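Note: the block below is input-v9.txt and it holds compact mmCIF, C-alpha atoms.
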# COMPACT_ATOMS: atom_id res chain seq x y z
CA MET O 5 -73.16 73.86 -100.44
CA SER O 6 -76.80 73.83 -99.18
CA ALA O 7 -77.82 74.99 -95.72
CA ASP O 8 -79.01 71.58 -94.53
CA GLN O 9 -75.95 69.57 -95.50
CA PRO O 10 -74.24 70.02 -92.07
CA THR O 11 -77.16 68.27 -90.31
CA LEU O 12 -75.82 64.84 -91.30
CA PRO O 13 -72.79 64.84 -88.98
CA ILE O 14 -74.97 66.32 -86.21
CA LEU O 15 -77.39 63.38 -86.44
CA ILE O 16 -74.52 60.90 -86.48
CA HIS O 17 -72.99 62.58 -83.44
CA GLU O 18 -76.30 62.36 -81.52
CA GLU O 19 -76.67 58.63 -82.24
CA HIS O 20 -73.08 58.01 -81.20
CA HIS O 21 -73.58 60.02 -78.03
CA HIS O 22 -76.68 57.94 -77.12
CA HIS O 23 -74.71 54.73 -77.48
CA GLU O 24 -71.91 56.09 -75.33
CA GLY O 25 -74.45 57.23 -72.74
CA GLU O 26 -75.62 53.62 -72.28
CA THR O 27 -72.04 52.47 -71.75
CA VAL O 28 -71.44 55.20 -69.18
CA GLU O 29 -74.59 54.15 -67.28
CA GLU O 30 -73.34 50.57 -67.22
CA SER O 31 -69.94 51.66 -65.95
CA LYS O 32 -71.51 53.84 -63.23
CA ARG O 33 -73.27 50.85 -61.68
CA SER O 34 -71.19 49.33 -58.92
CA HIS O 35 -70.27 45.66 -58.88
CA THR O 36 -72.45 45.35 -55.76
CA VAL O 37 -75.55 46.55 -57.66
CA ASP O 38 -74.80 44.18 -60.55
CA ALA O 39 -74.30 41.30 -58.11
CA ALA O 40 -77.61 42.12 -56.36
CA ILE O 41 -79.42 42.17 -59.71
CA ASP O 42 -78.00 38.75 -60.63
CA PHE O 43 -78.85 37.42 -57.15
CA ILE O 44 -82.52 38.53 -57.23
CA GLY O 45 -82.90 37.40 -60.84
CA GLY O 46 -81.63 33.98 -59.83
CA ILE O 47 -84.19 33.77 -56.99
CA ASN O 48 -87.14 34.51 -59.29
CA GLY O 49 -85.85 32.08 -61.89
CA ALA O 50 -85.50 29.36 -59.24
CA ILE O 51 -89.08 29.77 -57.98
CA ALA O 52 -90.47 29.54 -61.51
CA SER O 53 -88.32 26.50 -62.28
CA VAL O 54 -89.42 24.56 -59.17
CA TYR O 55 -93.15 25.01 -59.66
CA VAL O 56 -92.94 24.09 -63.34
CA GLY O 57 -90.84 20.95 -62.89
CA GLN O 58 -91.33 19.65 -59.32
CA SER O 59 -93.99 17.00 -60.02
CA LEU O 60 -91.89 15.41 -62.77
CA ASP O 61 -88.79 15.63 -60.59
CA THR O 62 -90.66 13.57 -57.97
CA VAL O 63 -91.47 10.95 -60.61
CA LYS O 64 -87.82 10.89 -61.69
CA VAL O 65 -86.52 10.34 -58.14
CA LYS O 66 -89.07 7.59 -57.41
CA MET O 67 -88.25 5.72 -60.62
CA GLN O 68 -84.51 6.00 -60.05
CA THR O 69 -84.79 4.83 -56.43
CA PHE O 70 -87.40 2.07 -56.93
CA PRO O 71 -87.44 1.16 -60.64
CA HIS O 72 -89.12 -2.21 -60.01
CA LEU O 73 -92.26 -0.64 -58.51
CA TYR O 74 -93.41 1.21 -61.63
CA ARG O 75 -93.94 0.19 -65.25
CA ASN O 76 -93.13 3.63 -66.63
CA ALA O 77 -93.19 7.34 -65.81
CA LEU O 78 -96.95 7.67 -66.41
CA ASP O 79 -97.67 4.74 -64.09
CA CYS O 80 -95.48 6.32 -61.39
CA PHE O 81 -97.19 9.69 -61.85
CA LEU O 82 -100.70 8.22 -61.57
CA GLN O 83 -99.90 5.97 -58.60
CA THR O 84 -98.31 8.85 -56.72
CA TYR O 85 -101.33 11.06 -57.39
CA ARG O 86 -103.84 8.39 -56.30
CA GLN O 87 -101.98 7.48 -53.11
CA ASP O 88 -100.82 10.88 -51.86
CA GLY O 89 -102.44 13.54 -54.03
CA VAL O 90 -100.74 16.68 -55.24
CA ALA O 91 -99.25 18.39 -52.18
CA ARG O 92 -97.93 15.31 -50.32
CA GLY O 93 -97.40 13.23 -53.45
CA LEU O 94 -96.39 14.89 -56.71
CA TYR O 95 -95.13 17.99 -54.93
CA ALA O 96 -93.47 16.18 -52.03
CA GLY O 97 -90.23 17.93 -51.12
CA THR O 98 -91.31 21.24 -52.64
CA VAL O 99 -90.08 23.27 -49.65
CA PRO O 100 -86.52 21.86 -49.72
CA ALA O 101 -86.66 22.01 -53.53
CA LEU O 102 -87.50 25.71 -53.32
CA VAL O 103 -84.76 26.27 -50.75
CA ALA O 104 -82.34 24.26 -52.90
CA ASN O 105 -83.21 26.02 -56.14
CA ILE O 106 -83.36 29.49 -54.64
CA ALA O 107 -80.03 28.92 -52.90
CA GLU O 108 -78.50 27.24 -55.95
CA ASN O 109 -79.66 29.71 -58.59
CA SER O 110 -79.24 32.90 -56.58
CA VAL O 111 -75.70 31.85 -55.64
CA LEU O 112 -75.11 30.49 -59.15
CA PHE O 113 -76.11 33.69 -60.95
CA LEU O 114 -74.42 35.85 -58.32
CA PHE O 115 -71.09 34.07 -58.87
CA TYR O 116 -71.77 33.75 -62.61
CA GLY O 117 -71.79 37.54 -62.82
CA LEU O 118 -68.68 37.80 -60.66
CA CYS O 119 -66.88 35.10 -62.66
CA GLN O 120 -67.85 36.86 -65.89
CA LYS O 121 -66.18 40.03 -64.62
CA ALA O 122 -63.09 38.04 -63.59
CA VAL O 123 -62.88 36.41 -67.03
CA MET O 124 -63.46 39.81 -68.63
CA VAL O 125 -60.42 41.20 -66.80
CA LEU O 126 -58.27 38.15 -67.52
CA ARG O 127 -59.16 38.24 -71.21
CA GLY O 128 -58.76 42.02 -71.51
CA ARG O 129 -62.36 42.71 -72.52
CA ALA O 130 -63.93 46.12 -72.02
CA GLU O 131 -67.44 44.84 -71.23
CA VAL O 132 -69.03 41.55 -70.08
CA SER O 133 -71.19 41.67 -73.22
CA GLN O 134 -68.00 41.13 -75.27
CA LEU O 135 -67.36 37.67 -73.76
CA SER O 136 -67.62 34.76 -76.16
CA PRO O 137 -69.94 31.77 -75.47
CA VAL O 138 -66.88 29.71 -74.43
CA GLU O 139 -65.73 32.41 -71.99
CA ASN O 140 -69.24 32.54 -70.55
CA ALA O 141 -69.17 28.74 -70.27
CA PHE O 142 -66.02 28.89 -68.12
CA SER O 143 -67.70 31.57 -66.00
CA GLY O 144 -70.65 29.23 -65.43
CA SER O 145 -68.36 26.35 -64.51
CA GLY O 146 -66.59 28.52 -61.93
CA ALA O 147 -69.92 29.63 -60.46
CA ALA O 148 -71.02 25.99 -60.12
CA PHE O 149 -68.16 25.32 -57.67
CA PHE O 150 -69.68 27.77 -55.18
CA CYS O 151 -73.31 26.76 -55.65
CA ALA O 152 -72.45 23.09 -54.90
CA PHE O 153 -72.08 24.07 -51.22
CA THR O 154 -75.71 25.23 -51.11
CA LEU O 155 -77.11 22.50 -53.34
CA THR O 156 -75.74 19.37 -51.62
CA PRO O 157 -77.56 19.57 -48.25
CA THR O 158 -80.90 20.74 -49.66
CA GLU O 159 -80.92 18.08 -52.38
CA LEU O 160 -80.17 15.39 -49.81
CA VAL O 161 -83.25 16.36 -47.78
CA LYS O 162 -85.45 16.66 -50.88
CA CYS O 163 -84.55 13.21 -52.21
CA ARG O 164 -85.14 11.56 -48.84
CA LEU O 165 -88.60 13.10 -48.65
CA GLN O 166 -89.50 12.05 -52.19
CA ALA O 167 -88.50 8.42 -51.63
CA MET O 168 -89.97 8.11 -48.13
CA ARG O 169 -93.26 6.34 -49.04
CA GLU O 170 -91.54 3.59 -51.03
CA MET O 171 -88.99 3.01 -48.28
CA ALA O 172 -91.75 2.83 -45.64
CA SER O 173 -93.90 0.42 -47.68
CA GLN O 174 -90.93 -1.96 -48.02
CA GLY O 175 -90.12 -1.88 -44.31
CA LYS O 176 -86.85 -0.04 -44.86
CA LEU O 177 -87.88 3.04 -42.89
CA GLU O 178 -88.05 3.04 -39.11
CA GLY O 179 -91.47 4.27 -38.02
CA GLY O 180 -93.21 3.14 -41.22
CA LEU O 181 -95.85 5.30 -42.88
CA GLU O 182 -96.02 7.56 -39.82
CA ARG O 183 -92.69 8.97 -40.96
CA LEU O 184 -94.47 10.52 -43.95
CA LYS O 185 -95.56 13.27 -41.57
CA LEU O 186 -91.94 14.18 -41.01
CA GLY O 187 -91.25 17.35 -42.97
CA PRO O 188 -88.04 18.87 -44.34
CA TRP O 189 -87.09 20.45 -41.02
CA GLY O 190 -87.58 17.13 -39.23
CA ILE O 191 -85.35 15.35 -41.76
CA THR O 192 -82.68 18.04 -41.40
CA LYS O 193 -82.78 17.82 -37.60
CA GLU O 194 -82.52 14.03 -37.75
CA VAL O 195 -79.48 14.12 -40.05
CA LEU O 196 -77.75 16.66 -37.81
CA GLN O 197 -78.43 14.60 -34.67
CA VAL O 198 -77.24 11.31 -36.16
CA GLU O 199 -74.47 12.36 -38.57
CA GLY O 200 -73.61 15.92 -37.65
CA ILE O 201 -73.04 18.79 -40.08
CA ARG O 202 -70.92 16.54 -42.32
CA GLY O 203 -73.98 14.37 -42.91
CA LEU O 204 -75.66 17.18 -44.80
CA PHE O 205 -72.69 17.45 -47.15
CA LYS O 206 -72.55 13.81 -48.21
CA GLY O 207 -71.86 13.75 -51.93
CA LEU O 208 -70.31 17.23 -52.12
CA THR O 209 -67.42 16.06 -54.30
CA ALA O 210 -69.78 14.16 -56.59
CA THR O 211 -72.03 17.22 -56.80
CA MET O 212 -69.09 19.39 -57.86
CA ALA O 213 -68.03 16.77 -60.42
CA ARG O 214 -71.55 16.89 -61.85
CA GLU O 215 -72.27 20.61 -61.60
CA MET O 216 -69.04 22.14 -62.90
CA PRO O 217 -68.91 20.45 -66.31
CA GLY O 218 -72.71 20.49 -66.44
CA TYR O 219 -72.90 24.26 -66.04
CA PHE O 220 -70.05 24.72 -68.47
CA PHE O 221 -72.33 23.35 -71.20
CA PHE O 222 -75.46 24.84 -69.58
CA PHE O 223 -74.25 28.44 -69.80
CA GLY O 224 -72.16 27.79 -72.90
CA GLY O 225 -75.19 26.41 -74.74
CA TYR O 226 -77.39 29.21 -73.45
CA GLU O 227 -75.03 31.97 -74.53
CA PHE O 228 -74.32 30.28 -77.87
CA THR O 229 -78.07 30.03 -78.53
CA ARG O 230 -78.58 33.69 -77.64
CA HIS O 231 -75.64 34.58 -79.92
CA MET O 232 -77.16 32.65 -82.84
CA LEU O 233 -80.67 34.02 -82.28
CA THR O 234 -79.59 37.68 -82.03
CA PRO O 235 -80.71 39.57 -85.17
CA GLU O 236 -78.09 41.56 -87.03
CA GLY O 237 -77.70 45.04 -85.62
CA LYS O 238 -79.24 44.12 -82.25
CA THR O 239 -77.92 42.96 -78.89
CA LYS O 240 -78.62 39.70 -77.06
CA ASP O 241 -80.87 41.58 -74.62
CA GLU O 242 -83.25 42.49 -77.47
CA ILE O 243 -84.29 38.92 -78.36
CA GLY O 244 -88.03 38.01 -78.12
CA PRO O 245 -88.63 35.17 -75.56
CA LYS O 246 -90.50 33.13 -78.18
CA ALA O 247 -87.25 32.56 -80.07
CA LEU O 248 -86.12 30.28 -77.24
CA TYR O 249 -89.04 27.92 -77.97
CA LYS O 250 -88.46 27.37 -81.69
CA GLY O 251 -87.87 23.81 -82.90
CA LEU O 252 -88.30 22.07 -79.53
CA GLY O 253 -90.09 18.72 -79.39
CA PRO O 254 -92.38 17.22 -76.79
CA THR O 255 -89.54 15.03 -75.51
CA LEU O 256 -88.29 17.90 -73.34
CA VAL O 257 -91.35 17.68 -71.11
CA ARG O 258 -89.62 18.64 -67.89
CA THR O 259 -86.19 19.92 -68.77
CA PHE O 260 -87.13 22.65 -71.20
CA PRO O 261 -90.12 24.24 -69.40
CA ALA O 262 -88.19 24.32 -66.11
CA THR O 263 -85.01 25.69 -67.67
CA GLY O 264 -86.92 28.07 -69.94
CA SER O 265 -88.87 29.52 -67.03
CA LEU O 266 -85.65 29.85 -65.03
CA PHE O 267 -83.89 31.93 -67.68
CA LEU O 268 -87.02 33.90 -68.62
CA ALA O 269 -87.61 34.94 -65.01
CA TYR O 270 -83.89 35.68 -64.52
CA GLU O 271 -83.53 37.79 -67.66
CA THR O 272 -86.80 39.68 -67.06
CA THR O 273 -85.83 40.46 -63.46
CA LYS O 274 -82.30 41.45 -64.47
CA LYS O 275 -83.53 43.78 -67.21
CA PHE O 276 -86.08 45.41 -64.90
CA LEU O 277 -83.61 45.93 -62.04
CA THR O 278 -80.90 47.15 -64.41
CA ASN O 279 -83.21 49.80 -65.84
CA LEU O 280 -84.26 50.71 -62.28
CA ALA O 281 -80.64 51.03 -61.15
CA ASP O 282 -79.81 53.18 -64.18
CA GLY O 283 -82.83 55.43 -63.54
CA ARG O 284 -84.47 54.58 -66.86
Whole structure given in structure tokens:
Amino acid sequence: MSADQPTLPILIHEEHHHHEGETVEESKRSHTVDAAIDFIGGINGAIASVYVGQSLDTVKVKMQTFPHLYRNALDCFLQTYRQDGVARGLYAGTVPALVANIAENSVLFLFYGLCQKAVMVLRGRAEVSQLSPVENAFSGSGAAFFCAFTLTPTELVKCRLQAMREMASQGKLEGGLERLKLGPWGITKEVLQVEGIRGLFKGLTATMAREMPGYFFFFGGYEFTRHMLTPEGKTKDEIGPKALYKGLGPTLVRTFPATGSLFLAYETTKKFLTNLADGR
């Protein structure tokens, strides 16, 4: 037997020890730290998502509210730009949209992480990374229940701001075009004075009915895609971001860039904060 034959089990032991070390680091992190990482990641993802998709969201709301005023989406986009410019036109309602998305996504990803841990326990898994795409989908659906409470009031204010010009021009808004100067805080104050706190939560049940099944497929599709794109011998965290962009057509003009930027910012923030928390 040669002198260097025993080195093989030593090398194997070192590799195994390194893998176990990563698991120990994960287990040492408290649930509070993990929740904070998910929360901050959700905030950064929300900010990126709003600025990428807000102008097209304005066009969508205007066309849904007043379909007879515009020939198509391009016509709506151009008219809005010519009449009110970028800040007051295409990006009308950006402040409540930011509040809505930051609140929605920070709460969403916070409770997504907590729901993942709950599902992990219920299913007898050792780690969250062992959850299947379907189990992650149920975690997302559960998280959507909680984020509906933050989304409903902020979306109500945003949509009212976005449709204000059309309502004023048709004489359906008291105060006319002067009301365009009324910002998100003014709208919120007005709703509270006239309708009380319940006025801000109009449509809560409908929001839950939309969000819970929607996020089931949102997170389920996301995790399934990550699962399919993960190279053999690697983890989902080792994917290159470019893989998320393969095979997508120009039809996803708003949805994909906004959603892509949301997840990219979330995953990047989560990875950075996780490494920071683990001292790596």
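Across the model, the gap from CA of Ala167 in chain O to CA of Phe70 in chain O is 8.3 Å.
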Tell me which protein, DNA and RNA residues are within 12 Å of Ala210 in chain O, counting all atoms listed in the file, leaving out same-chain ones fewer than 5 positions away, and put them as an MDAnalysis selection string.
chainID O and resid 149 152:153 155:156 205 215:217
Can you measure CA of Val56 in chain O to CA of Ser265 in chain O for me? One decimal in Å is fine.
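Pair CA of Val56 in chain O / CA of Ser265 in chain O returns 7.7 Å.
You will find CA of Gly225 in chain O at 7.5 Å from CA of Pro137 in chain O.
The point (-83.5, 29.9, -57.5) has these residues within 6 Å of it, counting all atoms listed in the file: Gly46, Ile47, Gly49, Ala50, Ile51, Asn105, Ile106, Ala107, Glu108, Asn109 and Ser110 of chain O.
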Print the selection's residues with C-alpha atoms to a file, as a short mmCIF file (atom, residue, chain, number, x, y, z; two decimals), keeping the file's coordinate frame.
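For reference, selection21.cif as written:
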data_model
loop_
_atom_site.label_atom_id
_atom_site.label_comp_id
_atom_site.auth_asym_id
_atom_site.auth_seq_id
_atom_site.Cartn_x
_atom_site.Cartn_y
_atom_site.Cartn_z
CA GLY O 46 -81.63 33.98 -59.83
CA ILE O 47 -84.19 33.77 -56.99
CA GLY O 49 -85.85 32.08 -61.89
CA ALA O 50 -85.50 29.36 -59.24
CA ILE O 51 -89.08 29.77 -57.98
CA ASN O 105 -83.21 26.02 -56.14
CA ILE O 106 -83.36 29.49 -54.64
CA ALA O 107 -80.03 28.92 -52.90
CA GLU O 108 -78.50 27.24 -55.95
CA ASN O 109 -79.66 29.71 -58.59
CA SER O 110 -79.24 32.90 -56.58
#
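Among the candidate residues O:His231, O:Arg33, O:Gly93, O:Asp88, the one lying nearest to Gln134 in chain O is O:His231, with distances computed using all atoms listed in the file.
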Within 12 Å of Glu271 in chain O, counting all atoms listed in the file, which residues show up once you throw out same-chain ones fewer than 3 positions away? Write them as a list of chain:residue names, please.
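Non-adjacent residues within range: O:Ile41, O:Asp42, O:Phe43, O:Ile44, O:Gly45, O:Gly46, O:Ile47, O:Asn48, O:Gly49, O:Phe113, O:Arg230, O:Lys240, O:Asp241, O:Glu242, O:Ile243, O:Gly244, O:Pro245, O:Gly264, O:Ser265, O:Leu266, O:Phe267, O:Leu268, O:Lys274, O:Lys275, O:Phe276, O:Leu277, O:Thr278.
When the distance limit is 9 Å and only C-alpha atoms are what count, the residues near range 161-163 of chain O, minus those fewer than 6 positions from it on the same chain, are Thr62, Val65, Lys66, Ala96, Gly97, Thr98, Val99, Pro100, Ala101, Ala104, Pro188, Trp189, Ile191, Thr192, Val195 and Leu204 of chain O.
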